[in-house]
$ cat protein-v1.pdb   # PDB, C-alpha atoms
ATOM      1  CA  MET A 619     -14.294  46.400  63.514
ATOM      2  CA  GLU A 620     -14.784  44.645  66.840
ATOM      3  CA  PRO A 621     -18.278  43.716  68.027
ATOM      4  CA  ARG A 622     -19.850  45.818  70.776
ATOM      5  CA  ILE A 623     -20.921  43.520  73.608
ATOM      6  CA  GLN A 624     -24.395  44.186  74.978
ATOM      7  CA  TYR A 625     -26.543  42.426  77.568
ATOM      8  CA  ALA A 626     -30.148  41.244  77.703
ATOM      9  CA  THR A 627     -31.982  39.885  80.730
ATOM     10  CA  THR A 628     -34.046  36.713  80.482
ATOM     11  CA  SER A 629     -37.525  36.371  81.958
ATOM     12  CA  ASP A 630     -35.979  34.359  84.808
ATOM     13  CA  GLY A 631     -33.427  37.122  85.540
ATOM     14  CA  VAL A 632     -30.244  35.836  83.851
ATOM     15  CA  SER A 633     -27.901  38.299  82.088
ATOM     16  CA  VAL A 634     -27.015  37.143  78.560
ATOM     17  CA  ALA A 635     -24.129  38.701  76.575
ATOM     18  CA  PHE A 636     -24.513  39.269  72.835
ATOM     19  CA  TRP A 637     -23.364  41.284  69.846
ATOM     20  CA  SER A 638     -25.127  42.320  66.665
ATOM     21  CA  MET A 639     -23.355  43.510  63.514
ATOM     22  CA  GLY A 640     -24.204  44.140  59.869
ATOM     23  CA  ASP A 641     -27.263  45.157  57.891
ATOM     24  CA  GLY A 642     -29.945  43.189  56.160
ATOM     25  CA  VAL A 643     -31.886  40.112  57.157
ATOM     26  CA  PRO A 644     -31.132  39.289  60.816
ATOM     27  CA  ILE A 645     -29.506  35.891  61.376
ATOM     28  CA  VAL A 646     -29.548  34.807  65.013
ATOM     29  CA  SER A 647     -26.917  32.233  65.951
ATOM     30  CA  PRO A 648     -27.270  30.595  69.391
ATOM     31  CA  PRO A 649     -24.122  29.173  71.010
ATOM     32  CA  PRO A 650     -23.124  26.033  69.067
ATOM     33  CA  ALA A 651     -22.042  23.867  71.992
ATOM     34  CA  ALA A 652     -20.879  24.239  75.537
ATOM     35  CA  PRO A 653     -18.215  25.173  76.423
ATOM     36  CA  TRP A 654     -17.524  26.804  73.029
ATOM     37  CA  SER A 655     -19.210  30.087  73.670
ATOM     38  CA  HIS A 656     -17.469  33.357  74.333
ATOM     39  CA  VAL A 657     -18.690  36.080  71.981
ATOM     40  CA  GLU A 658     -15.692  38.320  72.587
ATOM     41  CA  ARG A 659     -12.964  35.659  72.309
ATOM     42  CA  GLU A 660     -14.564  34.025  69.253
ATOM     43  CA  TRP A 661     -13.744  37.197  67.354
ATOM     44  CA  GLN A 662     -10.043  36.525  68.044
ATOM     45  CA  ILE A 663     -10.156  33.096  66.352
ATOM     46  CA  PRO A 664      -9.383  33.719  62.651
ATOM     47  CA  GLU A 665     -11.555  30.843  61.379
ATOM     48  CA  TRP A 666     -14.632  32.094  63.239
ATOM     49  CA  ARG A 667     -13.938  35.767  62.621
ATOM     50  CA  HIS A 668     -13.706  35.080  58.866
ATOM     51  CA  TRP A 669     -17.047  33.257  59.000
ATOM     52  CA  TYR A 670     -18.774  36.130  60.838
ATOM     53  CA  GLU A 671     -17.212  38.826  58.647
ATOM     54  CA  HIS A 672     -18.457  37.027  55.541
ATOM     55  CA  LEU A 673     -21.995  36.765  56.956
ATOM     56  CA  ILE A 674     -21.982  40.412  58.057
ATOM     57  CA  GLU A 675     -21.361  41.468  54.441
ATOM     58  CA  HIS A 676     -24.835  40.152  53.568
ATOM     59  CA  ALA A 677     -26.886  40.143  56.770
ATOM     60  CA  SER A 678     -27.260  41.395  60.299
ATOM     61  CA  VAL A 679     -25.686  38.722  62.496
ATOM     62  CA  VAL A 680     -26.628  38.259  66.152
ATOM     63  CA  ARG A 681     -24.415  36.016  68.284
ATOM     64  CA  TYR A 682     -24.787  35.412  72.014
ATOM     65  CA  ASP A 683     -23.375  33.395  74.898
ATOM     66  CA  GLY A 684     -25.721  31.026  76.661
ATOM     67  CA  ARG A 685     -26.227  31.305  80.385
ATOM     68  CA  GLY A 686     -23.243  30.143  82.390
ATOM     69  CA  SER A 687     -20.723  30.559  79.556
ATOM     70  CA  GLY A 688     -18.604  33.248  77.999
ATOM     71  CA  LEU A 689     -19.593  36.744  79.106
ATOM     72  CA  SER A 690     -23.100  35.730  80.206
ATOM     73  CA  GLU A 691     -24.021  35.363  83.845
ATOM     74  CA  ARG A 692     -22.127  32.567  85.620
ATOM     75  CA  GLY A 693     -23.321  30.250  88.343
ATOM     76  CA  THR A 694     -26.682  29.502  86.768
ATOM     77  CA  LYS A 695     -27.801  25.924  87.340
ATOM     78  CA  GLU A 696     -30.541  25.805  84.677
ATOM     79  CA  THR A 697     -29.033  24.398  81.463
ATOM     80  CA  THR A 698     -32.131  22.827  79.923
ATOM     81  CA  ILE A 699     -33.476  23.373  76.428
ATOM     82  CA  ASP A 700     -36.214  25.543  77.981
ATOM     83  CA  ALA A 701     -33.567  27.719  79.652
ATOM     84  CA  ALA A 702     -31.713  28.042  76.331
ATOM     85  CA  VAL A 703     -34.984  29.192  74.714
ATOM     86  CA  LEU A 704     -35.290  31.869  77.426
ATOM     87  CA  ASP A 705     -31.779  33.088  76.488
ATOM     88  CA  LEU A 706     -32.744  33.286  72.812
ATOM     89  CA  GLU A 707     -36.025  35.063  73.606
ATOM     90  CA  ALA A 708     -34.217  37.641  75.748
ATOM     91  CA  VAL A 709     -31.765  38.564  72.989
ATOM     92  CA  VAL A 710     -34.248  38.836  70.121
ATOM     93  CA  ASP A 711     -36.763  40.700  72.300
ATOM     94  CA  HIS A 712     -34.059  43.102  73.518
ATOM     95  CA  LEU A 713     -33.170  43.848  69.878
ATOM     96  CA  GLY A 714     -36.845  44.159  68.917
ATOM     97  CA  LEU A 715     -36.525  41.609  66.115
ATOM     98  CA  GLU A 716     -39.959  40.882  64.659
ATOM     99  CA  ARG A 717     -38.732  38.251  62.165
ATOM    100  CA  PHE A 718     -35.315  36.703  61.721
ATOM    101  CA  ALA A 719     -33.446  33.712  60.364
ATOM    102  CA  LEU A 720     -32.535  31.199  63.058
ATOM    103  CA  PHE A 721     -29.287  29.246  62.618
ATOM    104  CA  GLY A 722     -28.888  26.216  64.908
ATOM    105  CA  VAL A 723     -25.417  24.655  64.796
ATOM    106  CA  PHE A 724     -24.567  21.422  66.643
ATOM    107  CA  SER A 725     -26.395  21.348  70.002
ATOM    108  CA  ALA A 726     -27.940  24.789  69.358
ATOM    109  CA  GLY A 727     -30.333  22.975  67.046
ATOM    110  CA  LEU A 728     -32.424  21.779  69.995
ATOM    111  CA  PRO A 729     -33.286  25.222  71.419
ATOM    112  CA  ALA A 730     -33.631  26.554  67.861
ATOM    113  CA  ILE A 731     -36.246  23.874  67.103
ATOM    114  CA  ALA A 732     -38.033  24.579  70.398
ATOM    115  CA  TYR A 733     -38.029  28.338  69.742
ATOM    116  CA  ALA A 734     -39.307  27.920  66.164
ATOM    117  CA  ALA A 735     -42.118  25.656  67.387
ATOM    118  CA  LYS A 736     -43.067  28.183  70.082
ATOM    119  CA  HIS A 737     -42.761  31.296  67.849
ATOM    120  CA  PRO A 738     -43.236  30.158  64.217
ATOM    121  CA  ASP A 739     -44.405  33.617  63.132
ATOM    122  CA  ARG A 740     -41.067  35.191  64.134
ATOM    123  CA  VAL A 741     -38.754  32.764  62.277
ATOM    124  CA  SER A 742     -38.386  33.787  58.631
ATOM    125  CA  HIS A 743     -35.789  31.123  57.775
ATOM    126  CA  PHE A 744     -34.725  28.073  59.726
ATOM    127  CA  ILE A 745     -31.275  26.554  59.267
ATOM    128  CA  LEU A 746     -29.885  23.509  61.059
ATOM    129  CA  TRP A 747     -26.296  22.420  60.495
ATOM    130  CA  CYS A 748     -24.701  19.298  61.993
ATOM    131  CA  SER A 749     -27.497  19.165  64.534
ATOM    132  CA  PHE A 750     -30.041  16.655  65.762
ATOM    133  CA  ALA A 751     -33.766  16.681  66.486
ATOM    134  CA  SER A 752     -33.872  15.269  70.013
ATOM    135  CA  PRO A 753     -31.483  15.051  72.973
ATOM    136  CA  SER A 754     -31.248  11.282  72.598
ATOM    137  CA  ASP A 755     -29.922  11.699  69.030
ATOM    138  CA  GLY A 756     -26.885  13.512  70.402
ATOM    139  CA  LYS A 757     -26.045  10.950  73.054
ATOM    140  CA  ARG A 758     -22.823   9.004  72.791
ATOM    141  CA  SER A 759     -22.249   5.379  73.585
ATOM    142  CA  PRO A 760     -21.680   4.733  77.314
ATOM    143  CA  GLN A 761     -18.068   3.763  76.576
ATOM    144  CA  LEU A 762     -17.361   6.952  74.626
ATOM    145  CA  ALA A 763     -19.135   9.100  77.239
ATOM    146  CA  GLU A 764     -17.001   7.509  79.976
ATOM    147  CA  ALA A 765     -13.795   7.992  77.968
ATOM    148  CA  LEU A 766     -14.619  11.662  77.324
ATOM    149  CA  ALA A 767     -15.492  12.221  80.997
ATOM    150  CA  ASN A 768     -12.140  10.703  81.986
ATOM    151  CA  LEU A 769     -10.293  12.871  79.455
ATOM    152  CA  ILE A 770     -12.054  15.979  80.795
ATOM    153  CA  ASN A 771     -10.844  15.166  84.301
ATOM    154  CA  VAL A 772      -7.287  14.283  83.239
ATOM    155  CA  ASP A 773      -6.532  16.997  80.652
ATOM    156  CA  TYR A 774      -9.253  19.481  79.732
ATOM    157  CA  GLY A 775      -7.052  21.173  77.125
ATOM    158  CA  LEU A 776      -6.477  17.870  75.332
ATOM    159  CA  PHE A 777     -10.226  17.134  75.575
ATOM    160  CA  THR A 778     -11.212  20.414  73.888
ATOM    161  CA  GLU A 779      -8.501  20.073  71.249
ATOM    162  CA  THR A 780      -9.644  16.515  70.477
ATOM    163  CA  LEU A 781     -13.225  17.706  70.064
ATOM    164  CA  ALA A 782     -12.113  20.608  67.884
ATOM    165  CA  HIS A 783     -10.435  18.089  65.566
ATOM    166  CA  SER A 784     -13.302  15.598  65.537
ATOM    167  CA  VAL A 785     -16.387  17.848  65.797
ATOM    168  CA  PHE A 786     -15.262  20.815  63.721
ATOM    169  CA  GLY A 787     -13.168  18.662  61.385
ATOM    170  CA  TRP A 788     -10.109  20.898  61.580
ATOM    171  CA  GLU A 789      -7.155  18.735  60.688
ATOM    172  CA  GLN A 790      -4.619  21.519  61.106
ATOM    173  CA  GLY A 791      -3.333  21.556  64.660
ATOM    174  CA  GLU A 792      -3.197  25.333  65.105
ATOM    175  CA  ALA A 793      -6.917  25.950  64.444
ATOM    176  CA  ALA A 794      -7.911  23.149  66.814
ATOM    177  CA  HIS A 795      -5.454  24.473  69.410
ATOM    178  CA  ARG A 796      -7.001  27.977  69.209
ATOM    179  CA  ILE A 797     -10.460  26.483  69.783
ATOM    180  CA  ALA A 798      -9.140  24.428  72.700
ATOM    181  CA  CYS A 799      -7.619  27.516  74.320
ATOM    182  CA  HIS A 800     -10.849  29.438  73.683
ATOM    183  CA  ALA A 801     -12.943  26.680  75.259
ATOM    184  CA  ASP A 802     -10.628  26.441  78.227
ATOM    185  CA  VAL A 803     -11.061  30.112  79.146
ATOM    186  CA  THR A 804     -14.841  29.799  78.950
ATOM    187  CA  ARG A 805     -14.937  27.255  81.771
ATOM    188  CA  ASP A 806     -15.995  28.299  85.247
ATOM    189  CA  ALA A 807     -13.608  30.218  87.484
ATOM    190  CA  LYS A 808     -12.352  27.203  89.442
ATOM    191  CA  THR A 809     -10.637  25.698  86.373
ATOM    192  CA  ARG A 810      -7.232  26.565  85.067
ATOM    193  CA  ILE A 811      -6.614  28.528  81.909
ATOM    194  CA  VAL A 812      -4.259  27.110  79.283
ATOM    195  CA  GLY A 813      -2.816  28.470  76.089
TER     196      GLY A 813
END

$ encode --input "protein-v1.pdb" --output "structure tokens"
Amino acid sequence: MEPRIQYATTSDGVSVAFWSMGDGVPIVSPPPAAPWSHVEREWQIPEWRHWYEHLIEHASVVRYDGRGSGLSERGTKETTIDAAVLDLEAVVDHLGLERFALFGVFSAGLPAIAYAAKHPDRVSHFILWCSFASPSDGKRSPQLAEALANLINVDYGLFTETLAHSVFGWEQGEAAHRIACHADVTRDAKTRIVG
């Protein structure tokens, strides 16, 4: 079964794409890290699809694209933690979720923490995985940041594949390559598509 893509509108007028599947306790999963967010294409990546299918057997899973990525509205300039909280609020309010488990993976931990602090009565369970508590915790050394910026400009496909190996820990080339191709198509329209 393929997810049915729906849309919610944030309080500042941004259209956010999401899907919801399964029964049971709702688990809301914000986008793990830009540019790895495309709720429709994620379903085509076997490693991610397997993960979601397993969760859906036991819970109601909600997954959405953040503003400016995937199927959500493009061209938005606001990419702050506060803006990410607005995206999360729009989706859970659209679905009418009173209480739900919140699952913050990688950089999604920051808006998940901010949302839980703002709405503690709505978060039944709070899960952080491979995340950090403040933006400064996720910063890289200036040398590494410069090297990654250079790699982005020289070969975006190689950049995303390198991150798929190092961040997700996938040693097998094919899984990392699928993630790299997925990330490449989620970039803005002026960039090329590889894969």

$ resolve_selection --input "protein-v1.pdb" --expression "the PyMOL selection byres ((chain A and resi 709) around 8)" --output "ChimeraX atom specification"
/A:625-627,634,636,682,705-708,710-713

$ atom_distance --input "protein-v1.pdb" --atom1 "atom CA of A:His656" --atom2 "atom CA of A:Gln624"
12.9 Å

$ resolve_selection --input "protein-v1.pdb" --expression "the PyMOL selection byres ((chain A and resi 733) around 12)" --output "PyMOL selection string"
chain A and resi 646+648+699-708+710+718-722+726-732+734-741+744

$ atom_distance --input "protein-v1.pdb" --atom1 "atom CA of A:Val632" --atom2 "atom CA of A:Gly684"
9.8 Å

$ atom_distance --input "protein-v1.pdb" --atom1 "atom CA of A:Cys748" --atom2 "atom CA of A:Phe724"
5.1 Å

$ closest_residue --input "protein-v1.pdb" --among "A:Arg659, A:Arg667, A:His676, A:His743" --to "A:Arg717" --atoms "all atoms listed in the file"
A:His743

$ closest_residue --input "protein-v1.pdb" --among "A:Pro621, A:Pro760, A:Gly714, A:Gly693" --to "A:Ile674" --atoms "only C-alpha atoms"
A:Pro621

$ resolve_selection --input "protein-v1.pdb" --expression "the PyMOL selection byres ((chain A and resi 657) around 9)" --output "list of chain:residue names"
A:Pro621, A:Ile623, A:Ala635, A:Phe636, A:Trp637, A:Pro649, A:Ser655, A:His656, A:Glu658, A:Arg659, A:Glu660, A:Trp661, A:Arg681, A:Tyr682, A:Asp683, A:Gly688, A:Leu689

$ closest_residue --input "protein-v1.pdb" --among "A:Val680, A:Ala765, A:Ile745, A:Ile663" --to "A:Leu715" --atoms "all atoms listed in the file"
A:Val680

$ closest_residue --input "protein-v1.pdb" --among "A:Ser647, A:Gln761, A:Thr694, A:Gln662" --to "A:Asp630" --atoms "all atoms listed in the file"
A:Thr694
